[in-house]
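Here the structure comes first, spelled out in structure tokens, and everything after it is commentary.
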Amino acid sequence: MIILENISKEFNSKNRIVKAVNKVNIHVKKGEIHGVIGYSGAGKSTLIRCVNLLEKPSEGKVLINGIEATSLPLPKLREIRNKIGMIFQGFNLLKTATVYDNIAIPLKLLGYNKAEVKKRVEKYLEIVGLTDKHQNYPTQLSGGQKQRVAIARALAQEPEILLSDEATSALDPETTDSILDLLLKINKELGITILLITHEMNVIQKICDHVYVMENGEVVEQNTAVNLFTKPTHPTTKKFLNTISQRNLSSTLISQLNVTGAVTRLTFVGESTGKPLLAEVSQRFNVQPNILTANIIELKNGIIGNIVIHLIGDKIQVKNALNFLEEHGVGTEELEGQS
Ligand SMILES: Nc1ncnc2c1ncn2[C@@H]1O[C@H](COP(=O)(O)OP(=O)(O)OP(=O)(O)O)[C@@H](O)[C@H]1O
């Protein structure tokens, strides 16, 4: 379990104070996967480094499994750190060591005997699907394979928590998917709690239970993944969601269509997916819905139908129709084009 309570981190840069993280609260229960999403400079890396105290917060508390870690003496802090594994965008592998040794060396440094080291290296190489690569060097591996070695290295210390710092950002979409599947597998099968940071909404979509959106050091919106995808409130959250749901619609087209109605993103979840609500809307109100894009968004904990429509009609009828959809459990978000 990870609790960050009112965490702030300031840096002194060229006689200027930079508030990288500002009063952030995060609560990841055991066995959950939480994701922090934000643009470059939002404060994500600084925040995640505060969890294992690689960065000491200027303010606030870090609790790991109920233990307040911020004020612990170094030996006790090391014990806590041993419960926390970390993976990075750049993999951080030793180029001159084999795959086997990349996983074995940290274990040897922690004092495990040869037999235990061998047992763990073999076990975790199998879990990440790289048993046949144990004598290869990192330069002989693809990006995805390198990240698998890094994951095995983190797991071999048998942590309860895994921190992921943009672990898939350097990978192509297919390899990203396979690494996300692996993270889901270790979360499910080994019960490992995961906190990740990313700037990619598809990472959040695929594996997160709960999401925090960060901007200028602050969490500007947080919710369960299902609620965030269906009822986003902050403009930054909406921008991130548009990278998934509205990829093909230009801002100019949206502006043009908004003259004769409202371009609106509808999200259907649970019961609302089974009802012919769009047909009903055109019968009840003087509006005509044209579907512009439609897709299914598969989240870790549910499936969301996502349709962008052009609802043609006068403003009052459009408003009434959208209210009707909302009352029947459909999420509605009017999209704005370039002004
Ligand atoms: N050691 C440091 N000294 C001074 N300023 C820093 C330091 N580390 C981070 N910052 C500043 O803090 C802010 C947040 O940086 P951070 O790297 O945490 O953001 P981020 O969301 O992880 O962005 P990116 O994805 O680009 O790494 C930025 O303005 C950055 O310049």
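Identifiers in the structure tokens: chain A, B, ... in order shown; residue index from 1 per chain; ligand index from 1 in order shown.
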
Next item on the list: Could you pull out the residues in segment 134-323 of chain A that DSSP calls alpha helix (DSSP H) from the backbone, as number ranges by chain?
Entry: A: 143-156, 173-190, 201-207, 225-230, 235-245, 251-258, 277-284, 315-323

Since we have the selection now, will you write its residues out, keeping C-alpha atoms, as a PDB file, in the first residue's frame?
ATOM      1  CA  GLY A 143      13.708  -2.830 -26.655  1.00  0.00           C
ATOM      2  CA  GLY A 144      10.816  -4.962 -25.429  1.00  0.00           C
ATOM      3  CA  GLN A 145      13.165  -7.781 -24.406  1.00  0.00           C
ATOM      4  CA  LYS A 146      15.397  -5.288 -22.550  1.00  0.00           C
ATOM      5  CA  GLN A 147      12.381  -4.037 -20.610  1.00  0.00           C
ATOM      6  CA  ARG A 148      11.474  -7.651 -19.786  1.00  0.00           C
ATOM      7  CA  VAL A 149      14.960  -8.156 -18.326  1.00  0.00           C
ATOM      8  CA  ALA A 150      14.525  -4.962 -16.291  1.00  0.00           C
ATOM      9  CA  ILE A 151      11.164  -6.232 -15.038  1.00  0.00           C
ATOM     10  CA  ALA A 152      12.697  -9.612 -14.108  1.00  0.00           C
ATOM     11  CA  ARG A 153      15.509  -7.785 -12.295  1.00  0.00           C
ATOM     12  CA  ALA A 154      12.969  -5.753 -10.312  1.00  0.00           C
ATOM     13  CA  LEU A 155      10.824  -8.820  -9.545  1.00  0.00           C
ATOM     14  CA  ALA A 156      13.791 -10.953  -8.461  1.00  0.00           C
ATOM     15  CA  PRO A 173       2.692   0.186 -29.931  1.00  0.00           C
ATOM     16  CA  GLU A 174       2.770  -3.610 -30.285  1.00  0.00           C
ATOM     17  CA  THR A 175       5.687  -4.041 -27.884  1.00  0.00           C
ATOM     18  CA  THR A 176       4.020  -1.563 -25.506  1.00  0.00           C
ATOM     19  CA  ASP A 177       0.943  -3.806 -25.463  1.00  0.00           C
ATOM     20  CA  SER A 178       3.002  -6.890 -24.677  1.00  0.00           C
ATOM     21  CA  ILE A 179       4.795  -5.131 -21.785  1.00  0.00           C
ATOM     22  CA  LEU A 180       1.455  -3.863 -20.437  1.00  0.00           C
ATOM     23  CA  ASP A 181       0.104  -7.434 -20.611  1.00  0.00           C
ATOM     24  CA  LEU A 182       3.143  -8.559 -18.625  1.00  0.00           C
ATOM     25  CA  LEU A 183       2.532  -5.871 -15.969  1.00  0.00           C
ATOM     26  CA  LEU A 184      -1.101  -6.999 -15.720  1.00  0.00           C
ATOM     27  CA  LYS A 185       0.041 -10.608 -15.342  1.00  0.00           C
ATOM     28  CA  ILE A 186       2.469  -9.852 -12.512  1.00  0.00           C
ATOM     29  CA  ASN A 187      -0.149  -7.671 -10.815  1.00  0.00           C
ATOM     30  CA  LYS A 188      -2.682 -10.508 -10.971  1.00  0.00           C
ATOM     31  CA  GLU A 189      -0.488 -13.532 -10.359  1.00  0.00           C
ATOM     32  CA  LEU A 190       2.056 -12.101  -7.910  1.00  0.00           C
ATOM     33  CA  MET A 201      -3.552   7.475 -22.376  1.00  0.00           C
ATOM     34  CA  ASN A 202      -3.502   3.961 -23.846  1.00  0.00           C
ATOM     35  CA  VAL A 203      -1.282   2.845 -20.943  1.00  0.00           C
ATOM     36  CA  ILE A 204      -3.852   4.171 -18.469  1.00  0.00           C
ATOM     37  CA  GLN A 205      -6.666   2.621 -20.492  1.00  0.00           C
ATOM     38  CA  LYS A 206      -5.188  -0.818 -20.625  1.00  0.00           C
ATOM     39  CA  ILE A 207      -4.024  -1.476 -17.076  1.00  0.00           C
ATOM     40  CA  ALA A 225     -10.424   4.680 -14.795  1.00  0.00           C
ATOM     41  CA  VAL A 226     -14.061   3.956 -15.740  1.00  0.00           C
ATOM     42  CA  ASN A 227     -15.319   7.249 -14.269  1.00  0.00           C
ATOM     43  CA  LEU A 228     -12.472   9.259 -15.742  1.00  0.00           C
ATOM     44  CA  PHE A 229     -13.132   7.894 -19.229  1.00  0.00           C
ATOM     45  CA  THR A 230     -16.888   8.493 -18.993  1.00  0.00           C
ATOM     46  CA  PRO A 235      -9.689  20.251 -19.931  1.00  0.00           C
ATOM     47  CA  THR A 236      -6.334  18.421 -19.703  1.00  0.00           C
ATOM     48  CA  THR A 237      -8.084  15.107 -19.021  1.00  0.00           C
ATOM     49  CA  LYS A 238     -10.333  15.743 -22.017  1.00  0.00           C
ATOM     50  CA  LYS A 239      -7.303  16.463 -24.201  1.00  0.00           C
ATOM     51  CA  PHE A 240      -5.716  13.163 -23.198  1.00  0.00           C
ATOM     52  CA  LEU A 241      -8.980  11.311 -23.833  1.00  0.00           C
ATOM     53  CA  ASN A 242      -9.238  12.844 -27.275  1.00  0.00           C
ATOM     54  CA  THR A 243      -5.968  11.148 -28.213  1.00  0.00           C
ATOM     55  CA  ILE A 244      -7.889   7.887 -27.931  1.00  0.00           C
ATOM     56  CA  SER A 245     -11.441   8.670 -28.960  1.00  0.00           C
ATOM     57  CA  SER A 251     -10.556  20.954 -34.863  1.00  0.00           C
ATOM     58  CA  THR A 252     -11.583  22.873 -38.013  1.00  0.00           C
ATOM     59  CA  LEU A 253     -14.147  20.218 -38.939  1.00  0.00           C
ATOM     60  CA  ILE A 254     -15.596  20.296 -35.422  1.00  0.00           C
ATOM     61  CA  SER A 255     -15.981  24.109 -35.663  1.00  0.00           C
ATOM     62  CA  GLN A 256     -17.740  23.835 -39.013  1.00  0.00           C
ATOM     63  CA  LEU A 257     -20.143  21.151 -37.761  1.00  0.00           C
ATOM     64  CA  ASN A 258     -20.915  23.035 -34.549  1.00  0.00           C
ATOM     65  CA  LEU A 277     -31.170   5.625 -27.203  1.00  0.00           C
ATOM     66  CA  LEU A 278     -29.964   7.420 -30.316  1.00  0.00           C
ATOM     67  CA  ALA A 279     -33.044   6.280 -32.265  1.00  0.00           C
ATOM     68  CA  GLU A 280     -35.249   7.434 -29.397  1.00  0.00           C
ATOM     69  CA  VAL A 281     -33.586  10.833 -29.294  1.00  0.00           C
ATOM     70  CA  SER A 282     -34.365  11.554 -32.937  1.00  0.00           C
ATOM     71  CA  GLN A 283     -38.020  10.532 -32.398  1.00  0.00           C
ATOM     72  CA  ARG A 284     -38.536  12.568 -29.220  1.00  0.00           C
ATOM     73  CA  LYS A 315     -29.637  24.796 -29.693  1.00  0.00           C
ATOM     74  CA  ILE A 316     -32.627  24.151 -27.399  1.00  0.00           C
ATOM     75  CA  GLN A 317     -33.556  20.838 -29.021  1.00  0.00           C
ATOM     76  CA  VAL A 318     -29.916  19.718 -28.925  1.00  0.00           C
ATOM     77  CA  LYS A 319     -29.664  20.653 -25.232  1.00  0.00           C
ATOM     78  CA  ASN A 320     -32.879  18.739 -24.429  1.00  0.00           C
ATOM     79  CA  ALA A 321     -31.670  15.708 -26.350  1.00  0.00           C
ATOM     80  CA  LEU A 322     -28.327  15.702 -24.528  1.00  0.00           C
ATOM     81  CA  ASN A 323     -30.096  16.046 -21.159  1.00  0.00           C
TER      82      ASN A 323
END

Notebook entry, point to check: Residues of segment 184-302 of chain A in strand (DSSP E or B) according to DSSP, as number ranges by chain?
Noted result: A: 193-198, 210-215, 218-224, 261-268, 288-299, 302

Next item on the list: Using only C-alpha atoms and all ligand atoms, determine which residues fall within 7 Å of ligand 1, then list them as an MDAnalysis selection string.
Entry: chainID A and resid 11:13 18:20 38:47 217

Checklist line | Contacts of Asp101 of chain A within 12 Å, only C-alpha atoms, excl. fewer than 2 positions in-chain, as a ChimeraX atom specification | finding: /A:93-99,103-109,114,117-118,120-122,125,133-138,149-150,152-153,156

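Every protein, DNA or RNA residue with an atom at most 9 Å from Ser169 of chain A, where only C-alpha atoms count and chain neighbours fewer than 6 positions away do not, is listed here: Gln89, Gly90, Thr176, Thr198, His199 and Glu200 of chain A.
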
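Here the question is which of A:Asn92, A:Leu53, A:Gly60, A:Cys208 gets nearest to Leu77 of chain A using only C-alpha atoms, and that residue is A:Leu53.
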
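Using only C-alpha atoms, the nearest neighbour of Ile3 of chain A within the list A:Arg81, A:His34, A:Lys61, A:Lys76 is A:Lys61.
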
Note to self: Just to confirm, what's the straight-line distance from atom CA of Leu171 of chain A to atom CA of Ile84 of chain A in Å (one decimal)?
What the structure shows: 23.6 Å

Checklist line | Two-atom distance - atom CA of Gly329 of chain A, atom CA of Leu249 of chain A (Å) | finding: 24.9 Å

Margin query: Can you pull out the residues contacting segment 298-314 of chain A? Cut-off 6 Å, using only C-alpha atoms, and skip same-chain residues under 5 positions away; I want them as a ChimeraX atom specification.
Written below: /A:205-207,260-269,287-293

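The gap separating atom CA of Val220 of chain A from atom CA of Asp172 of chain A is 28.9 Å, in Å to one decimal.
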
Notebook entry, point to check: Pick from A:Leu110, A:Asn15, A:Ser71, A:Leu325: nearest to Pro276 of chain A, with only C-alpha atoms counted?
Noted result: A:Leu325
